[in-house]
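**Q** Sharing work06.txt here; it has compact mmCIF, C-alpha atoms.
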```
# COMPACT_ATOMS: atom_id res chain seq x y z
CA MET A 1 58.60 170.29 92.61
CA ASP A 2 58.43 167.35 90.26
CA SER A 3 61.57 165.86 88.72
CA ASN A 4 60.90 167.37 85.26
CA ALA A 5 60.67 170.86 86.74
CA ILE A 6 63.87 170.38 88.75
CA GLU A 7 65.74 169.07 85.72
CA GLY A 8 64.42 171.89 83.53
CA ILE A 9 65.48 174.56 86.01
CA ALA A 10 68.88 172.91 86.44
CA VAL A 11 69.55 172.83 82.68
CA ALA A 12 68.30 176.42 82.28
CA LYS A 13 70.62 177.68 85.04
CA LEU A 14 73.63 175.93 83.51
CA LYS A 15 72.77 177.09 79.98
CA THR A 16 72.49 180.68 81.18
CA VAL A 17 75.93 180.64 82.80
CA LEU A 18 77.51 179.04 79.73
CA MET A 19 75.75 181.23 77.15
CA LEU A 20 77.03 184.35 78.93
CA ASN A 21 80.59 183.12 78.40
CA ASP A 22 82.17 184.47 75.19
CA TYR A 23 84.09 181.22 74.59
CA LEU A 24 81.45 178.56 75.30
CA SER A 25 78.25 177.46 73.53
CA PRO A 26 76.00 174.92 75.23
CA PHE A 27 74.00 172.29 73.32
CA ILE A 28 72.18 170.52 76.13
CA ASN A 29 69.28 168.10 75.73
CA GLU A 30 66.45 168.10 78.21
CA GLY A 31 64.49 165.04 79.23
CA ASP A 32 67.33 162.47 79.30
CA LYS A 33 67.27 161.47 75.62
CA GLU A 34 70.83 160.10 75.54
CA PRO A 35 71.93 157.15 77.69
CA SER A 36 74.82 158.70 79.67
CA TRP A 37 75.22 162.26 78.35
CA ASP A 38 73.07 165.36 78.17
CA GLY A 39 74.93 167.24 75.47
CA ASN A 40 78.10 169.07 74.54
CA ILE A 41 79.71 172.42 75.14
CA TYR A 42 81.54 173.87 72.14
CA LEU A 43 84.76 175.74 72.92
CA TYR A 44 85.96 178.69 70.85
CA ASN A 45 89.47 180.14 70.49
CA LYS A 46 88.10 183.66 70.03
CA ARG A 47 85.10 185.71 71.06
CA GLY A 48 82.28 185.69 68.55
CA LYS A 49 81.65 181.95 68.47
CA LYS A 50 82.31 181.49 64.76
CA LYS A 51 82.51 178.03 63.26
CA GLU A 52 86.09 178.57 62.08
CA ASP A 53 87.15 179.37 65.66
CA ILE A 54 85.93 176.10 67.24
CA LYS A 55 88.62 174.67 69.50
CA GLY A 56 86.68 171.49 70.29
CA ARG A 57 83.79 170.22 72.32
CA VAL A 58 83.27 168.69 75.72
CA SER A 59 80.63 166.13 76.67
CA ILE A 60 78.54 166.95 79.72
CA GLN A 61 75.99 165.40 82.05
CA VAL A 62 73.55 167.50 84.11
CA LYS A 63 71.59 166.38 87.17
CA GLY A 64 69.15 168.51 89.13
CA GLU A 65 68.43 168.02 92.83
CA GLU A 66 65.92 169.83 95.01
CA LYS A 67 67.83 171.06 98.05
CA SER A 68 67.07 173.89 100.44
CA ASN A 69 70.76 174.57 101.18
CA THR A 70 72.32 175.94 98.01
CA LYS A 71 75.24 177.66 99.78
CA LYS A 72 77.74 174.80 100.10
CA SER A 73 81.09 175.12 98.33
CA GLU A 74 81.45 171.34 97.90
CA ILE A 75 79.05 168.39 97.74
CA THR A 76 79.16 164.67 97.08
CA TYR A 77 76.91 162.98 94.56
CA PRO A 78 76.44 159.32 93.55
CA VAL A 79 77.42 158.69 89.93
CA SER A 80 76.44 155.50 88.13
CA VAL A 81 79.36 153.09 87.60
CA VAL A 82 77.96 152.20 84.17
CA ASP A 83 78.05 155.90 83.25
CA LEU A 84 81.64 156.20 84.52
CA ARG A 85 82.65 153.34 82.23
CA ASN A 86 80.86 154.99 79.29
CA TYR A 87 82.59 158.32 80.01
CA LEU A 88 85.96 156.57 80.15
CA THR A 89 85.63 155.15 76.64
CA ASP A 90 84.47 158.53 75.32
CA GLY A 91 87.32 160.62 76.72
CA GLY A 92 85.65 161.87 79.88
CA VAL A 93 82.86 164.25 80.83
CA ILE A 94 82.25 167.35 82.87
CA TYR A 95 79.46 166.32 85.21
CA PHE A 96 77.18 168.97 86.72
CA VAL A 97 74.86 168.74 89.69
CA VAL A 98 72.57 171.73 90.15
CA TYR A 99 70.94 172.23 93.53
CA VAL A 100 67.58 174.00 93.14
CA ASP A 101 65.49 175.32 96.02
CA LYS A 102 61.68 175.72 96.09
CA GLN A 103 61.96 179.32 94.83
CA GLY A 104 63.95 178.24 91.75
CA ASN A 105 67.27 179.56 93.04
CA GLY A 106 70.19 177.31 92.27
CA LYS A 107 73.84 176.52 92.77
CA ILE A 108 75.88 174.71 90.13
CA TYR A 109 78.48 172.12 91.13
CA TYR A 110 80.86 170.34 88.77
CA CYS A 111 83.40 167.56 88.54
CA ALA A 112 85.77 167.44 85.56
CA MET A 113 86.17 163.71 84.94
CA GLU A 114 89.16 163.16 82.67
CA PRO A 115 90.00 159.55 81.74
CA LEU A 116 92.71 159.08 84.40
CA ARG A 117 90.43 160.47 87.09
CA ILE A 118 87.64 158.12 86.02
CA GLN A 119 90.07 155.19 86.18
CA GLN A 120 90.90 156.23 89.75
CA PHE A 121 87.19 156.35 90.64
CA LEU A 122 86.73 152.83 89.22
CA ARG A 123 89.76 151.51 91.15
CA GLU A 124 88.21 152.88 94.36
CA LEU A 125 85.09 150.72 94.01
CA LYS A 126 84.71 148.46 97.03
CA ARG A 127 82.74 145.69 95.26
CA LYS A 128 82.55 144.41 91.70
CA ASP A 129 78.76 144.77 91.68
CA GLN A 130 78.76 148.32 93.10
CA GLN A 131 76.18 150.43 91.22
CA THR A 132 77.29 153.99 92.13
CA LYS A 133 80.40 155.85 93.22
CA SER A 134 80.09 158.84 95.55
CA ILE A 135 82.15 161.66 94.04
CA ALA A 136 83.10 165.14 95.30
CA PHE A 137 81.85 168.15 93.31
CA ARG A 138 82.95 171.78 93.67
CA ALA A 139 80.87 174.91 93.21
CA LEU A 140 81.23 176.37 89.73
CA PRO A 141 83.07 179.70 90.02
CA ASP A 142 81.27 182.95 89.23
CA ASP A 143 84.25 184.24 87.22
CA LYS A 144 83.71 183.69 83.46
CA GLU A 145 87.43 183.22 82.78
CA LYS A 146 87.70 180.51 85.44
CA VAL A 147 84.70 178.71 83.94
CA ARG A 148 86.25 178.94 80.46
CA ASP A 149 89.55 177.60 81.86
CA ILE A 150 87.78 174.60 83.43
CA PHE A 151 86.53 173.59 79.98
CA PHE A 152 89.75 174.40 78.10
CA THR A 153 91.91 172.53 80.64
CA PHE A 154 89.55 169.56 80.63
CA GLN A 155 89.59 169.34 76.83
CA LEU A 156 93.40 169.52 76.67
CA ASN A 157 93.88 166.90 79.41
CA SER A 158 91.25 164.57 77.97
CA GLN A 159 92.83 164.65 74.52
CA LYS A 160 96.21 163.74 76.03
CA GLN A 161 94.86 161.03 78.33
CA ILE A 162 92.53 159.21 75.94
CA SER A 163 95.48 158.05 73.83
CA PHE A 164 96.84 155.83 76.60
CA VAL A 165 93.85 155.23 78.85
CA ASN A 166 93.50 151.54 77.86
CA LYS A 167 97.19 150.80 78.19
CA LYS A 168 98.79 149.48 81.35
CA PRO A 169 101.13 152.12 82.83
CA LEU A 170 104.82 151.23 82.77
CA SER A 171 106.39 150.58 86.14
CA PHE A 172 110.03 151.13 86.98
CA GLU A 173 110.49 147.34 86.84
CA ASP A 174 108.99 147.23 83.32
CA ILE A 175 111.39 149.87 82.10
CA THR A 176 114.36 148.15 83.76
CA LYS A 177 113.47 144.79 82.15
CA LYS A 178 113.01 146.33 78.73
CA TYR A 179 115.94 148.76 78.66
CA GLY A 180 118.33 147.43 81.30
```
Please rewrite the model in this file as structure tokens.

**A**
Amino acid sequence: MDSNAIEGIAVAKLKTVLMLNDYLSPFINEGDKEPSWDGNIYLYNKRGKKKEDIKGRVSIQVKGEEKSNTKKSEITYPVSVVDLRNYLTDGGVIYFVVYVDKQGNGKIYYCAMEPLRIQQFLRELKRKDQQTKSIAFRALPDDKEKVRDIFFTFQLNSQKQISFVNKKPLSFEDITKKYG
């Protein structure tokens, strides 16, 4: 399969899973129009997906890979360091990798990358000029409530973390110096 077909199938599989969830609405671009993101998922407080019930939105990235083994529960995938830095300044991203076999069957993997987690990934880089970071991804659960909870938890954590992501954490010594 060519890369456009793989990417199209990957996005279609993810959209289908998310559209079937009563609390999530996907708005995903195809064809890599944006530099580091592929779209957003809107979160709703209630079923029905009404504008007045929007809880927030979550940025996402989707990558498709042709793989014959779509049964693994966990994978690793190289993520661009430049993208990680972009995600950090934007409050994080839920990154999806969709394995697609030659018959069009697929398995969706995800990594919820909140700001503090992204900072940890960047600290783990071995060289300053390193281009990618290999990151672990888990299989997206089949349970709709668990999928909803992944997005809701990510959004809550990201909102909390973005407020102090560019500040140096206080150490015990810092607190002792300042407050005695």

**Q** When you look at range 49-55 of chain A with a cut-off of 9 Å (counting all atoms listed in the file), what residues show up, excluding the ones that are within fewer than 2 positions of it in the same chain? I need them as a list in words.

**A** Asp22, Tyr23, Leu24, Ser25, Tyr42, Leu43, Tyr44, Asn45, Lys46, Arg47, Arg57 and Phe152 of chain A

**Q** Calculated over all atoms listed in the file, which of the candidates A:Ile41, A:Val79, A:Ile135, A:Ile118 has the smallest distance to Val17 in chain A?

**A**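 Answer, going by the shortest atom-to-atom distance: A:Ile41.
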
**Q** Kindly provide, as number ranges by chain, the polymer residues lying within 7 Å of (73.9, 178.8, 94.3), counting all atoms listed in the file and using the coordinates exactly as they appear in the file.

**A** A: 70-71, 105-108

**Q** Restricting it to C-alpha atoms, dump the selection as a tab-separated table (two decimals), keeping the file's coordinate frame.

**A**
```tsv
chain	number	residue	atom	x	y	z
A	70	THR	CA	72.32	175.94	98.01
A	71	LYS	CA	75.24	177.66	99.78
A	105	ASN	CA	67.27	179.56	93.04
A	106	GLY	CA	70.19	177.31	92.27
A	107	LYS	CA	73.84	176.52	92.77
A	108	ILE	CA	75.88	174.71	90.13
```

**Q** So, counting all atoms listed in the file, which residue among A:Leu88, A:Val147, A:Ala136, A:Leu156 is closest to Gly56 in chain A?

**A**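 Closest candidate: A:Leu156.
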
**Q** Using all atoms listed in the file, what residues lie at most 12 Å away from (95.9, 161.7, 76.9) (file coordinates), given as an mmCIF file with C-alpha atoms, in the frame of the given file?

**A**
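In the end it all went to out.cif:
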```cif
data_model
loop_
_atom_site.group_PDB
_atom_site.id
_atom_site.type_symbol
_atom_site.label_atom_id
_atom_site.label_comp_id
_atom_site.auth_asym_id
_atom_site.auth_seq_id
_atom_site.Cartn_x
_atom_site.Cartn_y
_atom_site.Cartn_z
ATOM 1 C CA LEU A 88 85.960 156.570 80.150
ATOM 2 C CA ASP A 90 84.470 158.530 75.320
ATOM 3 C CA GLY A 91 87.320 160.620 76.720
ATOM 4 C CA GLY A 92 85.650 161.870 79.880
ATOM 5 C CA GLU A 114 89.160 163.160 82.670
ATOM 6 C CA PRO A 115 90.000 159.550 81.740
ATOM 7 C CA LEU A 116 92.710 159.080 84.400
ATOM 8 C CA ARG A 117 90.430 160.470 87.090
ATOM 9 C CA PHE A 154 89.550 169.560 80.630
ATOM 10 C CA GLN A 155 89.590 169.340 76.830
ATOM 11 C CA LEU A 156 93.400 169.520 76.670
ATOM 12 C CA ASN A 157 93.880 166.900 79.410
ATOM 13 C CA SER A 158 91.250 164.570 77.970
ATOM 14 C CA GLN A 159 92.830 164.650 74.520
ATOM 15 C CA LYS A 160 96.210 163.740 76.030
ATOM 16 C CA GLN A 161 94.860 161.030 78.330
ATOM 17 C CA ILE A 162 92.530 159.210 75.940
ATOM 18 C CA SER A 163 95.480 158.050 73.830
ATOM 19 C CA PHE A 164 96.840 155.830 76.600
ATOM 20 C CA VAL A 165 93.850 155.230 78.850
ATOM 21 C CA ASN A 166 93.500 151.540 77.860
ATOM 22 C CA LYS A 167 97.190 150.800 78.190
#
```

**Q** Restricting the calculation to all atoms listed in the file: of A:Lys72, A:Tyr99, A:Asp174, A:Glu124, which residue gets closest to Leu14 in chain A?

**A** A:Tyr99

**Q** Can you tell me how far CA of Val82 in chain A sits from CA of Asp129 in chain A, in Å to one decimal?

**A** 10.6 Å

**Q** Would you work out the distance separating CA of Phe121 in chain A from CA of Phe172 in chain A, expressed in Å to one decimal?

**A**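 We find that CA of Phe121 in chain A and CA of Phe172 in chain A lie 23.7 Å from each other.
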
**Q** For the atom pair CA of Phe96 in chain A and CA of Tyr109 in chain A, what is the interatomic distance in Å to one decimal place?

**A**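 A separation of 5.6 Å between them.
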
**Q** Around all the atoms of range 101-107 of chain A listed in the file, draw an axis-aligned box and extend it by 5 Å on each of the six sides; I want its centre and edge lengths in Å to one decimal, as JSON.

**A**
```
{"center_x": 67.8, "center_y": 177.4, "center_z": 93.9, "size_x": 22.2, "size_y": 14.2, "size_z": 14.3}
```

**Q** Can you tell me which residues surround Val62 in chain A at a distance of at most 12 Å, considering only C-alpha atoms, apart from same-chain residues fewer than 6 positions away, and format the answer as number ranges by chain?

**A** A: 6-15, 26-32, 34, 36-41, 77, 79, 93-99, 108-111

**Q** From the set A:Leu20, A:Ile150, A:Ala112, A:Leu84, which residue has the shortest atom-to-atom contact distance to Leu125 in chain A, counting only C-alpha atoms?

**A**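 When distances to Leu125 in chain A are compared using only C-alpha atoms, the smallest one comes from A:Leu84.
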
**Q** Find the residue from A:Val100, A:Met113, A:Val58, A:Val81 that sits nearest to Phe151 in chain A; use all atoms listed in the file when measuring.

**A**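 Of the candidates, the smallest distance to Phe151 in chain A is held by A:Val58.
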
**Q** Considering only C-alpha atoms, can you say which of A:Lys102, A:Glu74, A:Arg85, A:Asn21 comes closest to Asp142 in chain A?

**A**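 For Asp142 in chain A, the nearest of the candidates is A:Asn21.
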